[in-house]
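Source file: target29.pdb; contents: PDB, C-alpha atoms, pLDDT in the B column.
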MODEL        1
ATOM      1  CA  MET A   1      68.138  13.465   3.798  1.00 83.00           C
ATOM      2  CA  GLY A   2      65.266  11.171   4.767  1.00 96.00           C
ATOM      3  CA  PHE A   3      61.570  11.820   4.173  1.00 98.00           C
ATOM      4  CA  ALA A   4      61.023  12.831   7.812  1.00 98.00           C
ATOM      5  CA  LYS A   5      63.720  15.516   7.845  1.00 98.00           C
ATOM      6  CA  GLU A   6      62.618  16.763   4.441  1.00 98.00           C
ATOM      7  CA  LEU A   7      59.069  17.333   5.681  1.00 98.00           C
ATOM      8  CA  ARG A   8      60.280  18.795   8.964  1.00 98.00           C
ATOM      9  CA  ASN A   9      62.406  21.309   7.041  1.00 98.00           C
ATOM     10  CA  GLN A  10      59.444  22.236   4.852  1.00 98.00           C
ATOM     11  CA  SER A  11      57.515  23.127   8.020  1.00 98.00           C
ATOM     12  CA  ALA A  12      60.459  24.733   9.784  1.00 98.00           C
ATOM     13  CA  GLY A  13      58.628  27.990  10.497  1.00 98.00           C
ATOM     14  CA  ASP A  14      55.774  26.385  12.424  1.00 98.00           C
ATOM     15  CA  TRP A  15      58.033  23.699  13.920  1.00 98.00           C
ATOM     16  CA  ASP A  16      60.547  26.123  15.370  1.00 98.00           C
ATOM     17  CA  ALA A  17      57.804  28.465  16.581  1.00 98.00           C
ATOM     18  CA  ALA A  18      56.194  25.570  18.473  1.00 98.00           C
ATOM     19  CA  VAL A  19      59.444  24.234  19.944  1.00 98.00           C
ATOM     20  CA  ASN A  20      60.459  27.728  21.096  1.00 98.00           C
ATOM     21  CA  HIS A  21      56.959  28.866  22.041  1.00 98.00           C
ATOM     22  CA  PRO A  22      56.444  31.163  25.070  1.00 97.00           C
ATOM     23  CA  PHE A  23      54.278  28.417  26.576  1.00 97.00           C
ATOM     24  CA  VAL A  24      57.256  26.049  26.413  1.00 98.00           C
ATOM     25  CA  ASP A  25      59.564  28.725  27.826  1.00 98.00           C
ATOM     26  CA  GLN A  26      57.357  29.109  30.890  1.00 97.00           C
ATOM     27  CA  LEU A  27      56.967  25.366  31.343  1.00 97.00           C
ATOM     28  CA  LEU A  28      60.724  24.836  31.205  1.00 98.00           C
ATOM     29  CA  ASP A  29      61.567  27.559  33.714  1.00 96.00           C
ATOM     30  CA  GLY A  30      58.714  26.649  36.059  1.00 96.00           C
ATOM     31  CA  SER A  31      56.929  29.987  35.732  1.00 97.00           C
ATOM     32  CA  LEU A  32      53.858  28.668  33.904  1.00 96.00           C
ATOM     33  CA  PRO A  33      50.779  29.786  35.883  1.00 95.00           C
ATOM     34  CA  ASP A  34      48.487  27.052  37.133  1.00 96.00           C
ATOM     35  CA  GLU A  35      45.533  28.359  35.143  1.00 94.00           C
ATOM     36  CA  GLN A  36      47.471  28.002  31.895  1.00 95.00           C
ATOM     37  CA  LEU A  37      48.794  24.562  32.790  1.00 96.00           C
ATOM     38  CA  ARG A  38      45.300  23.521  33.787  1.00 96.00           C
ATOM     39  CA  HIS A  39      43.822  24.709  30.485  1.00 96.00           C
ATOM     40  CA  TYR A  40      46.570  23.003  28.511  1.00 97.00           C
ATOM     41  CA  LEU A  41      46.221  19.658  30.292  1.00 97.00           C
ATOM     42  CA  VAL A  42      42.420  19.614  30.074  1.00 97.00           C
ATOM     43  CA  GLN A  43      42.579  20.237  26.325  1.00 97.00           C
ATOM     44  CA  ASP A  44      45.549  17.934  25.715  1.00 97.00           C
ATOM     45  CA  TYR A  45      43.898  15.079  27.571  1.00 96.00           C
ATOM     46  CA  GLN A  46      41.125  15.070  25.003  1.00 95.00           C
ATOM     47  CA  PHE A  47      43.616  13.788  22.431  1.00 94.00           C
ATOM     48  CA  CYS A  48      44.276  10.628  24.414  1.00 93.00           C
ATOM     49  CA  ASP A  49      41.405   8.657  22.903  1.00 94.00           C
ATOM     50  CA  ALA A  50      42.351   9.392  19.277  1.00 95.00           C
ATOM     51  CA  PHE A  51      46.076   9.009  20.005  1.00 95.00           C
ATOM     52  CA  THR A  52      45.544   5.614  21.615  1.00 94.00           C
ATOM     53  CA  ALA A  53      43.443   4.560  18.625  1.00 95.00           C
ATOM     54  CA  LEU A  54      46.209   5.738  16.269  1.00 96.00           C
ATOM     55  CA  LEU A  55      48.733   3.568  18.102  1.00 96.00           C
ATOM     56  CA  GLY A  56      46.312   0.676  17.778  1.00 96.00           C
ATOM     57  CA  GLN A  57      45.944   1.320  14.049  1.00 96.00           C
ATOM     58  CA  ALA A  58      49.725   1.388  13.755  1.00 97.00           C
ATOM     59  CA  VAL A  59      49.825  -2.050  15.392  1.00 96.00           C
ATOM     60  CA  ALA A  60      47.242  -3.277  12.878  1.00 96.00           C
ATOM     61  CA  SER A  61      48.809  -1.764   9.755  1.00 96.00           C
ATOM     62  CA  ALA A  62      52.536  -2.168  10.489  1.00 96.00           C
ATOM     63  CA  PRO A  63      54.293  -4.369   7.927  1.00 95.00           C
ATOM     64  CA  SER A  64      56.027  -6.717  10.365  1.00 96.00           C
ATOM     65  CA  LEU A  65      55.820  -8.236  13.835  1.00 97.00           C
ATOM     66  CA  PRO A  66      58.878  -6.331  15.141  1.00 96.00           C
ATOM     67  CA  SER A  67      57.198  -3.038  14.245  1.00 97.00           C
ATOM     68  CA  ARG A  68      53.900  -4.140  15.764  1.00 97.00           C
ATOM     69  CA  LEU A  69      55.652  -4.995  19.006  1.00 97.00           C
ATOM     70  CA  VAL A  70      57.245  -1.548  19.228  1.00 97.00           C
ATOM     71  CA  PHE A  71      53.855   0.141  18.924  1.00 96.00           C
ATOM     72  CA  ALA A  72      52.292  -2.305  21.371  1.00 94.00           C
ATOM     73  CA  GLY A  73      54.973  -1.463  23.938  1.00 93.00           C
ATOM     74  CA  VAL A  74      54.463   2.272  23.500  1.00 94.00           C
ATOM     75  CA  LEU A  75      50.712   1.815  23.771  1.00 91.00           C
ATOM     76  CA  GLY A  76      51.121   0.124  27.135  1.00 87.00           C
ATOM     77  CA  ALA A  77      53.451   2.830  28.437  1.00 85.00           C
ATOM     78  CA  PHE A  78      51.135   5.594  27.239  1.00 84.00           C
ATOM     79  CA  ALA A  79      48.207   4.013  29.051  1.00 81.00           C
ATOM     80  CA  SER A  80      50.116   3.932  32.332  1.00 82.00           C
ATOM     81  CA  ASP A  81      52.798   6.611  32.813  1.00 84.00           C
ATOM     82  CA  GLU A  82      51.219   9.435  30.846  1.00 89.00           C
ATOM     83  CA  ASN A  83      47.682   8.814  32.034  1.00 90.00           C
ATOM     84  CA  THR A  84      48.935   8.740  35.630  1.00 92.00           C
ATOM     85  CA  TYR A  85      50.565  12.139  35.123  1.00 95.00           C
ATOM     86  CA  PHE A  86      47.311  13.626  33.856  1.00 95.00           C
ATOM     87  CA  GLN A  87      45.281  12.252  36.737  1.00 95.00           C
ATOM     88  CA  ASP A  88      47.800  13.407  39.347  1.00 96.00           C
ATOM     89  CA  CYS A  89      47.845  16.922  37.899  1.00 97.00           C
ATOM     90  CA  PHE A  90      44.075  17.057  37.594  1.00 97.00           C
ATOM     91  CA  ASN A  91      43.836  16.197  41.268  1.00 97.00           C
ATOM     92  CA  GLU A  92      46.436  18.775  42.257  1.00 97.00           C
ATOM     93  CA  LEU A  93      44.813  21.488  40.140  1.00 96.00           C
ATOM     94  CA  ASP A  94      41.276  20.631  41.328  1.00 96.00           C
ATOM     95  CA  VAL A  95      39.974  19.850  37.855  1.00 97.00           C
ATOM     96  CA  PRO A  96      36.346  18.654  38.115  1.00 96.00           C
ATOM     97  CA  GLU A  97      35.322  15.393  36.450  1.00 95.00           C
ATOM     98  CA  THR A  98      33.315  17.127  33.729  1.00 95.00           C
ATOM     99  CA  ASP A  99      36.392  19.121  32.639  1.00 95.00           C
ATOM    100  CA  ARG A 100      38.423  15.926  32.539  1.00 94.00           C
ATOM    101  CA  THR A 101      35.991  14.019  30.357  1.00 93.00           C
ATOM    102  CA  THR A 102      33.707  16.456  28.508  1.00 94.00           C
ATOM    103  CA  PRO A 103      35.177  19.978  28.462  1.00 95.00           C
ATOM    104  CA  ALA A 104      34.374  22.581  25.839  1.00 94.00           C
ATOM    105  CA  LEU A 105      36.959  22.069  23.125  1.00 95.00           C
ATOM    106  CA  GLY A 106      38.891  24.934  21.615  1.00 95.00           C
ATOM    107  CA  PRO A 107      39.134  25.189  17.808  1.00 96.00           C
ATOM    108  CA  ALA A 108      42.739  23.974  17.739  1.00 96.00           C
ATOM    109  CA  THR A 109      41.828  20.985  19.894  1.00 96.00           C
ATOM    110  CA  ARG A 110      38.912  20.064  17.637  1.00 97.00           C
ATOM    111  CA  ASP A 111      41.021  20.451  14.502  1.00 97.00           C
ATOM    112  CA  PHE A 112      43.866  18.314  15.823  1.00 97.00           C
ATOM    113  CA  ASP A 113      41.488  15.623  17.043  1.00 97.00           C
ATOM    114  CA  ASP A 114      39.836  15.651  13.617  1.00 98.00           C
ATOM    115  CA  LEU A 115      43.204  15.263  11.885  1.00 98.00           C
ATOM    116  CA  MET A 116      44.068  12.265  14.039  1.00 97.00           C
ATOM    117  CA  ARG A 117      40.722  10.630  13.368  1.00 97.00           C
ATOM    118  CA  LYS A 118      41.043  11.207   9.614  1.00 97.00           C
ATOM    119  CA  ALA A 119      44.457   9.510   9.675  1.00 97.00           C
ATOM    120  CA  LEU A 120      42.919   6.695  11.698  1.00 96.00           C
ATOM    121  CA  ALA A 121      40.060   6.267   9.219  1.00 96.00           C
ATOM    122  CA  SER A 122      42.463   6.254   6.266  1.00 95.00           C
ATOM    123  CA  ARG A 123      44.121   3.060   7.525  1.00 93.00           C
ATOM    124  CA  SER A 124      47.186   4.321   5.702  1.00 96.00           C
ATOM    125  CA  TYR A 125      50.319   3.367   7.602  1.00 98.00           C
ATOM    126  CA  PRO A 126      52.317   6.370   6.289  1.00 98.00           C
ATOM    127  CA  GLU A 127      49.523   8.805   7.223  1.00 98.00           C
ATOM    128  CA  VAL A 128      49.179   7.308  10.695  1.00 98.00           C
ATOM    129  CA  LEU A 129      52.947   7.543  11.129  1.00 98.00           C
ATOM    130  CA  ALA A 130      52.975  11.161   9.923  1.00 98.00           C
ATOM    131  CA  VAL A 131      50.661  12.276  12.733  1.00 98.00           C
ATOM    132  CA  LEU A 132      52.372  10.146  15.372  1.00 98.00           C
ATOM    133  CA  LEU A 133      55.806  11.332  14.289  1.00 98.00           C
ATOM    134  CA  VAL A 134      54.965  15.027  14.458  1.00 98.00           C
ATOM    135  CA  ALA A 135      53.349  14.660  17.871  1.00 97.00           C
ATOM    136  CA  GLU A 136      56.272  12.726  19.355  1.00 98.00           C
ATOM    137  CA  TRP A 137      59.234  14.311  17.570  1.00 98.00           C
ATOM    138  CA  LEU A 138      58.145  17.913  18.126  1.00 98.00           C
ATOM    139  CA  TYR A 139      57.546  17.235  21.818  1.00 98.00           C
ATOM    140  CA  GLY A 140      60.933  15.577  22.053  1.00 98.00           C
ATOM    141  CA  ASP A 141      62.519  18.673  20.503  1.00 98.00           C
ATOM    142  CA  TRP A 142      60.986  21.136  22.957  1.00 98.00           C
ATOM    143  CA  ALA A 143      61.682  18.852  25.915  1.00 98.00           C
ATOM    144  CA  ALA A 144      65.337  18.592  24.850  1.00 98.00           C
ATOM    145  CA  ARG A 145      65.610  22.318  25.522  1.00 98.00           C
ATOM    146  CA  ALA A 146      65.293  21.553  29.232  1.00 97.00           C
ATOM    147  CA  GLY A 147      68.910  20.390  29.354  1.00 94.00           C
ATOM    148  CA  ASP A 148      70.225  18.477  32.349  1.00 93.00           C
ATOM    149  CA  PRO A 149      67.587  17.302  34.856  1.00 95.00           C
ATOM    150  CA  THR A 150      69.318  19.341  37.563  1.00 94.00           C
ATOM    151  CA  GLN A 151      68.140  22.427  35.656  1.00 93.00           C
ATOM    152  CA  TRP A 152      64.506  21.355  35.445  1.00 97.00           C
ATOM    153  CA  PRO A 153      61.815  23.169  37.441  1.00 97.00           C
ATOM    154  CA  ALA A 154      61.281  21.913  40.967  1.00 95.00           C
ATOM    155  CA  GLU A 155      57.545  21.207  40.861  1.00 96.00           C
ATOM    156  CA  PRO A 156      56.572  17.738  39.565  1.00 96.00           C
ATOM    157  CA  LYS A 157      53.669  19.130  37.537  1.00 97.00           C
ATOM    158  CA  HIS A 158      56.278  20.823  35.320  1.00 97.00           C
ATOM    159  CA  ALA A 159      59.260  18.506  35.649  1.00 97.00           C
ATOM    160  CA  GLU A 160      57.342  15.269  35.087  1.00 97.00           C
ATOM    161  CA  TRP A 161      55.879  16.503  31.802  1.00 97.00           C
ATOM    162  CA  ILE A 162      59.436  17.243  30.681  1.00 98.00           C
ATOM    163  CA  ARG A 163      60.665  13.839  31.836  1.00 97.00           C
ATOM    164  CA  LEU A 164      57.927  12.016  29.958  1.00 96.00           C
ATOM    165  CA  HIS A 165      59.263  13.570  26.744  1.00 97.00           C
ATOM    166  CA  ASN A 166      62.972  13.690  27.574  1.00 97.00           C
ATOM    167  CA  ASN A 167      64.403  10.345  28.613  1.00 96.00           C
ATOM    168  CA  PRO A 168      66.431   7.634  26.843  1.00 96.00           C
ATOM    169  CA  GLY A 169      63.406   5.450  26.130  1.00 95.00           C
ATOM    170  CA  TYR A 170      61.389   8.295  24.639  1.00 96.00           C
ATOM    171  CA  ASN A 171      64.314   9.533  22.563  1.00 97.00           C
ATOM    172  CA  ALA A 172      64.892   6.029  21.190  1.00 97.00           C
ATOM    173  CA  TRP A 173      61.202   5.769  20.315  1.00 97.00           C
ATOM    174  CA  VAL A 174      61.306   9.040  18.353  1.00 98.00           C
ATOM    175  CA  THR A 175      64.419   7.916  16.468  1.00 98.00           C
ATOM    176  CA  TRP A 176      62.782   4.581  15.641  1.00 98.00           C
ATOM    177  CA  LEU A 177      59.603   6.350  14.517  1.00 98.00           C
ATOM    178  CA  ARG A 178      61.586   8.611  12.168  1.00 98.00           C
ATOM    179  CA  ASP A 179      63.386   5.617  10.676  1.00 98.00           C
ATOM    180  CA  GLU A 180      60.108   3.737  10.259  1.00 98.00           C
ATOM    181  CA  PHE A 181      58.539   6.738   8.535  1.00 98.00           C
ATOM    182  CA  ASP A 182      61.512   7.042   6.173  1.00 98.00           C
ATOM    183  CA  ALA A 183      61.266   3.335   5.347  1.00 97.00           C
ATOM    184  CA  VAL A 184      57.659   3.613   4.131  1.00 97.00           C
ATOM    185  CA  GLU A 185      58.054   6.810   2.110  1.00 97.00           C
ATOM    186  CA  PRO A 186      55.439   6.509  -0.651  1.00 96.00           C
ATOM    187  CA  SER A 187      56.750   6.092  -4.186  1.00 95.00           C
ATOM    188  CA  LEU A 188      53.632   7.427  -5.918  1.00 96.00           C
ATOM    189  CA  PRO A 189      53.579  11.263  -6.095  1.00 96.00           C
ATOM    190  CA  GLN A 190      49.895  11.545  -5.197  1.00 96.00           C
ATOM    191  CA  GLU A 191      50.259   9.453  -2.044  1.00 97.00           C
ATOM    192  CA  ARG A 192      53.518  11.154  -1.131  1.00 97.00           C
ATOM    193  CA  ASN A 193      51.893  14.586  -1.401  1.00 97.00           C
ATOM    194  CA  ARG A 194      48.971  13.441   0.743  1.00 98.00           C
ATOM    195  CA  VAL A 195      51.273  12.226   3.508  1.00 98.00           C
ATOM    196  CA  ALA A 196      53.313  15.438   3.289  1.00 98.00           C
ATOM    197  CA  ALA A 197      50.116  17.485   3.658  1.00 98.00           C
ATOM    198  CA  VAL A 198      49.110  15.500   6.756  1.00 98.00           C
ATOM    199  CA  PHE A 199      52.566  16.071   8.265  1.00 98.00           C
ATOM    200  CA  ALA A 200      52.469  19.826   7.568  1.00 98.00           C
ATOM    201  CA  GLU A 201      48.967  20.183   8.996  1.00 98.00           C
ATOM    202  CA  ALA A 202      49.977  18.344  12.160  1.00 98.00           C
ATOM    203  CA  VAL A 203      52.899  20.745  12.654  1.00 98.00           C
ATOM    204  CA  ARG A 204      50.669  23.761  12.049  1.00 98.00           C
ATOM    205  CA  LEU A 205      48.163  22.524  14.599  1.00 98.00           C
ATOM    206  CA  GLU A 206      50.847  21.852  17.222  1.00 98.00           C
ATOM    207  CA  ARG A 207      51.787  25.516  17.010  1.00 98.00           C
ATOM    208  CA  ALA A 208      48.137  26.596  17.027  1.00 97.00           C
ATOM    209  CA  PHE A 209      47.482  24.464  20.098  1.00 97.00           C
ATOM    210  CA  PHE A 210      50.263  26.187  22.054  1.00 97.00           C
ATOM    211  CA  ASP A 211      48.982  29.587  20.876  1.00 96.00           C
ATOM    212  CA  ALA A 212      45.481  28.712  22.061  1.00 94.00           C
ATOM    213  CA  THR A 213      46.758  27.553  25.439  1.00 91.00           C
ATOM    214  CA  LEU A 214      48.081  31.012  26.291  1.00 87.00           C
ATOM    215  CA  THR A 215      45.308  33.081  24.730  1.00 84.00           C
ATOM    216  CA  SER A 216      42.381  30.986  25.974  1.00 70.00           C
ATOM    217  CA  ALA A 217      43.753  30.717  29.487  1.00 54.00           C
ATOM    218  CA  ALA A 218      44.261  34.477  29.571  1.00 50.00           C
ATOM    219  CA  ILE A 219      40.654  35.076  28.514  1.00 44.00           C
ATOM    220  CA  SER A 220      39.046  32.526  30.848  1.00 46.00           C
TER     221      SER A 220
ENDMDL
END
I'd like the structure from this file rewritten - as C-alpha cells, please.
Amino acid sequence: MGFAKELRNQSAGDWDAAVNHPFVDQLLDGSLPDEQLRHYLVQDYQFCDAFTALLGQAVASAPSLPSRLVFAGVLGAFASDENTYFQDCFNELDVPETDRTTPALGPATRDFDDLMRKALASRSYPEVLAVLLVAEWLYGDWAARAGDPTQWPAEPKHAEWIRLHNNPGYNAWVTWLRDEFDAVEPSLPQERNRVAAVFAEAVRLERAFFDATLTSAAIS
C-alpha cells in the first residue's frame, strides 16, 4: 500500500461521507436547486487563487523537469476550462460581480483557503502535494459515481462540472499525482506526521465544505 492510499484509508470516514454526500447526490441526478449550486460555486471560486498558487509552487518545488511540466500543463488547463465553467455558470445564475470576487466567506471556505496558503508558505513539496491530491482525488471519486455520460444530468451547469472531474485526462492526472505523492513520502517521522496531518485536515474540510453548501444555502 502506498502513502496516498494509507492516508486515504485513515480518513475513510470523512472521505466516504464527502464522496457520497447529499450535495453530490443532487448534483449527479440533476436535482440540485440553483440557489445551492450558486452558493457552492461562489464559495468554491474563492479557492482558485490559492489553488493556482499551489500549482505554481508545485512547479517551483518539483524535483525534476518532467514533473514540473505536468504541473505547468495542469495549471494552463485550470486557467482555461475550469475558469470558463465558473464564468458561464455565474452568468446563467445571475451572480453579481461582488459575489464573484469578494463574497462573504463561510467558515469552511476560510479554513480551506487557510490550509492551502499554509501549504504554499511551507514550500514543502510533500505538503503541497497532500493538499492538491486530496482536492483532485476526492473530486475524481465523487465524479466517478456519475457513471456513463449518457446517465449524466441534462443541464450543462451540472453535467459540465462532472465532466471536468471525470474524463481520461483528469483521471490520468489524479493517478500521476498519487504516484508522485507516494514517491516523495517523507522518511523522517516528524515530517511524515506533518504531511499526514495536512492530508487529514484537507479531507475533513472537503466534507465540511459540502455540509456548509447545503446548510448555508438553506438559511440564505
>> Expand the PyMOL selection byres ((chain A and resi 127) around 12) into the explicit residue set it covers here, and present it as a PyMOL selection string.
In response: chain A and resi 54+57-58+61-62+115-126+128-134+181+184-186+191-202
Could you give me, as CSV, a per-residue list for range 61-180 of chain A showing, wherever an atom lies at most 9 Å from an atom of range 20-43 of chain A, the closest pair of atoms and their distance in Å to one decimal, using only C-alpha atoms and sorting by chain then residue number from low to high?
residue,atom,partner,partner_atom,distance
A:Phe86,CA,A:Leu41,CA,7.1
A:Cys89,CA,A:Arg38,CA,8.2
A:Phe90,CA,A:Arg38,CA,7.6
A:Leu93,CA,A:Arg38,CA,6.7
A:Val95,CA,A:Arg38,CA,7.6
A:Asp99,CA,A:Val42,CA,6.6
A:Arg100,CA,A:Val42,CA,6.0
A:Thr101,CA,A:Val42,CA,8.5
A:Pro103,CA,A:Val42,CA,7.4
A:Ala104,CA,A:Gln43,CA,8.5
A:Leu105,CA,A:Gln43,CA,6.7
A:Gly106,CA,A:Gln43,CA,7.6
A:Thr109,CA,A:Gln43,CA,6.5
A:Trp142,CA,A:Asn20,CA,6.9
A:Ala143,CA,A:Leu28,CA,8.0
A:Arg145,CA,A:Leu28,CA,7.9
A:Ala146,CA,A:Leu28,CA,6.0
A:Gln151,CA,A:Asp29,CA,8.6
A:Trp152,CA,A:Leu28,CA,6.7
A:Pro153,CA,A:Gly30,CA,4.9
A:Ala154,CA,A:Gly30,CA,7.3
A:Glu155,CA,A:Gly30,CA,7.4
A:Lys157,CA,A:Leu37,CA,8.7
A:His158,CA,A:Leu27,CA,6.1
A:Ala159,CA,A:Leu28,CA,7.9
A:Trp161,CA,A:Leu27,CA,8.9
A:Ile162,CA,A:Leu28,CA,7.7
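CA of Ala208 in chain A lies 9.4 Å from CA of Phe112 in chain A.
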>> Neighbouring residues of range 69-74 of chain A were defined as those with any atom within 8 Å, considering all atoms listed in the file; residues of the same chain fewer than 6 positions away were excluded. Please report them as a PyMOL selection string.
In response: chain A and resi 55-56+58-59
> What do you get, as a ChimeraX atom specification, if you spell out every residue that the PyMOL selection byres ((chain A and resi 206) around 9) selects here?
Replying inline: /A:14-15,18,108,112,134-135,138,201-205,207-211
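Each of A:Ala4, A:Leu214, A:Val19, A:Cys48 was checked against Leu177 in chain A using all atoms listed in the file; the smallest atom-to-atom distance is that of A:Ala4.
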> If you measure from CA of Asn167 in chain A to CA of Pro149 in chain A, what distance in Å do you get, rounded to one decimal?
Replying inline: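 Separating CA of Asn167 in chain A from CA of Pro149 in chain A is a distance of 9.9 Å.
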> CA of Pro107 in chain A and CA of Ala77 in chain A, how far apart in Å?
Replying inline: 28.6 Å
Let me know the centre plus edge lengths, in Å and rounded to one decimal, of a box with edges along x, y and z that contains all listed atoms of range 162-166 of chain A and is padded by 8 Å on every side, as JSON.
{"center_x": 60.4, "center_y": 14.6, "center_z": 29.3, "size_x": 21.0, "size_y": 21.2, "size_z": 21.1}
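Compared by their closest atoms to Asn166 in chain A, and using only C-alpha atoms, the residues A:Gly147, A:Gly13, A:Pro189, A:Pro63 rank with A:Gly147 nearest.
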